[in-house]
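Structure first, commentary second.
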Amino acid sequence: MTASLTRRSAARRSRTAAVGAIAVAGALLLTACGDQTDGADGGDKKAKGSDAPLFDKLPKEIQDKGVIKVGSDIAYAPVEFYDDKDQVAGIDPDLAEALGKQLGVEFKFENGTFDGLITGLNSGRHDIIMSAMTDNKERQEGKDGDKKVGDGADFVDYFRAGSSILVKKGNPEGIKSLDDLCGETVALQRGTANEDLAKAQSKKCDKPIKILPFEKDTEALLQVKQGRAVADINDFPVAAYNAKTSGGGKDFEVVGEQIDAAPYGIAVNKKNTELRDAIKAAVDAVIKNGEYQKVLEKWEVTNGAVDEATVNGGK
């Protein structure tokens with residue numbers, strides 16, 4: 001089984017309503033991973049995916065569809081992004097492909113804005129979220145600080161990453177740590193743990209940080225490149241990737257140490273414990289069979305590897 005790599009039109013991506021589920025036409029279902037074929041007696045039908053080792057762990061609804069709809073903000077290389085062929089690529093799509101082989105279903109990525117993904121999950125638009133999403137108590141409980149803002153989600157943790165500070169090549173402002181951002185302008189992606197980190201640091205400063213939040217990290221990077229912000233705070237794999245690739249490695253550099261490493265989690269609706277447990281079993285299976293390690297080696301992020309999947313391990 002493979003992760004679907006079809007791009008959605010940018011005009012259909014909005015912050016207030018994450019992208020709707022891609023309709024799967026009947027003809028496509030007949031050829032998809034979870035399609036139906038006649039049984040040996042010509043009467044009963046059996047899903048092809050049922051031959052996969054963990055197919056029976058999936059909820060019946062997912063078995064019947066043969067598809068897991070994955071909500072994702074596909075603008076966060078190298079975790080998930082559109083490649084030069086306009087196809088979805090990255091760590092999460094590659095891991096999803098490996099998980100699909102274990103579960104016998106297709107993982108279909110659907111693009112949306114990051115801070116609308118959990119709402120989309122709990123409204124049924126997505127079955128799961130794979131989007132470099134840090135697992136923490138606030139997201140588990142559906143809170144923004146002490147304020148209840150939603151139903152939250154369960155997380156199957158599969159990777160660890162901290163935050164990093166990305167600055168213009170040559171580090172003209174001499175930024176070395178979070179303390180050096182006091183009184184400066186910082187760009188970052190809205191609704192992320194990195195925004196929380198910047199807000200917490202700003203409270204410690206004599207002169208607060210001016211925070212510029214954007215829907216996409218690519219927009220935040222542009223602010224740094226054009227000199228309107230001294231730094232972008234983003235996840236270490238993303239910062240390192242942009243430092244290596246943007247402008248042939250001439251645009252940015254990472255400064256300081258990784259900050260507050262925490263788990264990335266695959267988010268699942270709290271009511272869907274059967275799907276959550278199936279995803280956990282699949283993550284453990286690809287760790288055990290070596291596919292997980294191959295994906296991390298491909299993207300040069302093995303320092304974020306975990307030994308086993310955990311549920312709601314974020315603090």
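Identifiers in the structure tokens: chain A, B, ... in order shown; residue index from 1 per chain; ligand index from 1 in order shown.
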I need the strand (DSSP E) residues of region 41-222 of chain A per DSSP on the backbone, written as a ChimeraX atom specification. /A:45-47,67-72,81-82,88-89,106-111,128-129,143-144,147-148,154-168,185-189,210-214
How would the residues just chosen look if you wrote them out with C-alpha atoms as a compact mmCIF listing (two decimals), in the first residue's frame?
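Now in out-v2.txt:
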```
# COMPACT_ATOMS: atom_id res chain seq x y z
CA LYS A 45 -16.17 -10.73 -0.99
CA LYS A 46 -12.86 -10.28 0.76
CA ALA A 47 -10.76 -7.15 1.01
CA VAL A 67 -8.24 4.29 2.99
CA ILE A 68 -6.99 6.28 5.97
CA LYS A 69 -7.47 10.02 5.39
CA VAL A 70 -4.41 11.89 6.67
CA GLY A 71 -4.68 15.57 7.58
CA SER A 72 -1.39 17.38 7.03
CA PHE A 81 6.27 18.92 1.38
CA TYR A 82 5.60 19.08 -2.36
CA VAL A 88 3.85 14.85 -1.63
CA ALA A 89 7.22 13.77 -0.25
CA GLU A 106 -3.85 3.42 1.58
CA PHE A 107 -2.82 6.54 3.51
CA LYS A 108 -4.29 9.47 1.55
CA PHE A 109 -2.73 12.84 2.44
CA GLU A 110 -5.06 15.86 2.47
CA ASN A 111 -3.62 19.37 2.73
CA ILE A 128 -5.52 10.81 11.55
CA ILE A 129 -3.02 13.67 11.46
CA LYS A 143 -6.67 23.39 25.67
CA ASP A 144 -5.05 26.70 24.84
CA LYS A 147 -8.83 27.55 28.29
CA LYS A 148 -10.72 24.59 26.84
CA ASP A 154 -4.77 10.95 21.34
CA PHE A 155 -1.24 10.69 19.97
CA VAL A 156 0.87 7.75 18.81
CA ASP A 157 4.41 9.07 19.29
CA TYR A 158 6.89 8.02 16.60
CA PHE A 159 9.76 10.55 16.52
CA ARG A 160 11.48 13.15 18.71
CA ALA A 161 12.54 16.66 17.71
CA GLY A 162 13.35 19.90 19.44
CA SER A 163 13.09 23.49 18.28
CA SER A 164 15.91 25.34 16.54
CA ILE A 165 16.69 28.94 15.70
CA LEU A 166 17.25 29.64 12.01
CA VAL A 167 18.91 32.93 10.97
CA LYS A 168 20.31 34.49 7.82
CA THR A 185 11.37 40.35 15.63
CA VAL A 186 10.88 36.61 15.18
CA ALA A 187 8.83 34.89 12.48
CA LEU A 188 7.28 31.45 12.90
CA GLN A 189 4.30 29.27 12.05
CA LYS A 210 7.87 40.86 18.49
CA ILE A 211 6.33 37.66 17.16
CA LEU A 212 5.16 37.47 13.55
CA PRO A 213 2.97 34.35 13.16
CA PHE A 214 2.14 32.96 9.70
```
Which neighbours of Glu61 (chain A) fall inside 12 Å, counting only C-alpha atoms, when residues of the same chain fewer than 4 positions from it are skipped, and could you give them as number ranges by chain? A: 34, 55-57, 65-68, 105, 127, 272, 274-275
I'd like the neighbourhood of Ala52 (chain A) as a PyMOL selection string, where a residue qualifies if any of its atoms comes within 9 Å (using only C-alpha atoms), though same-chain residues fewer than 6 positions away should be ignored. chain A and resi 100-105
Could you go through region 98-310 of chain A and tell me which residues DSSP, when run on the backbone, assigns to helix (DSSP H, G or I), listing them as a ChimeraX atom specification? /A:98-103,114-122,137-141,178-181,193-204,217-225,236-249,273-289,291-298,302-304
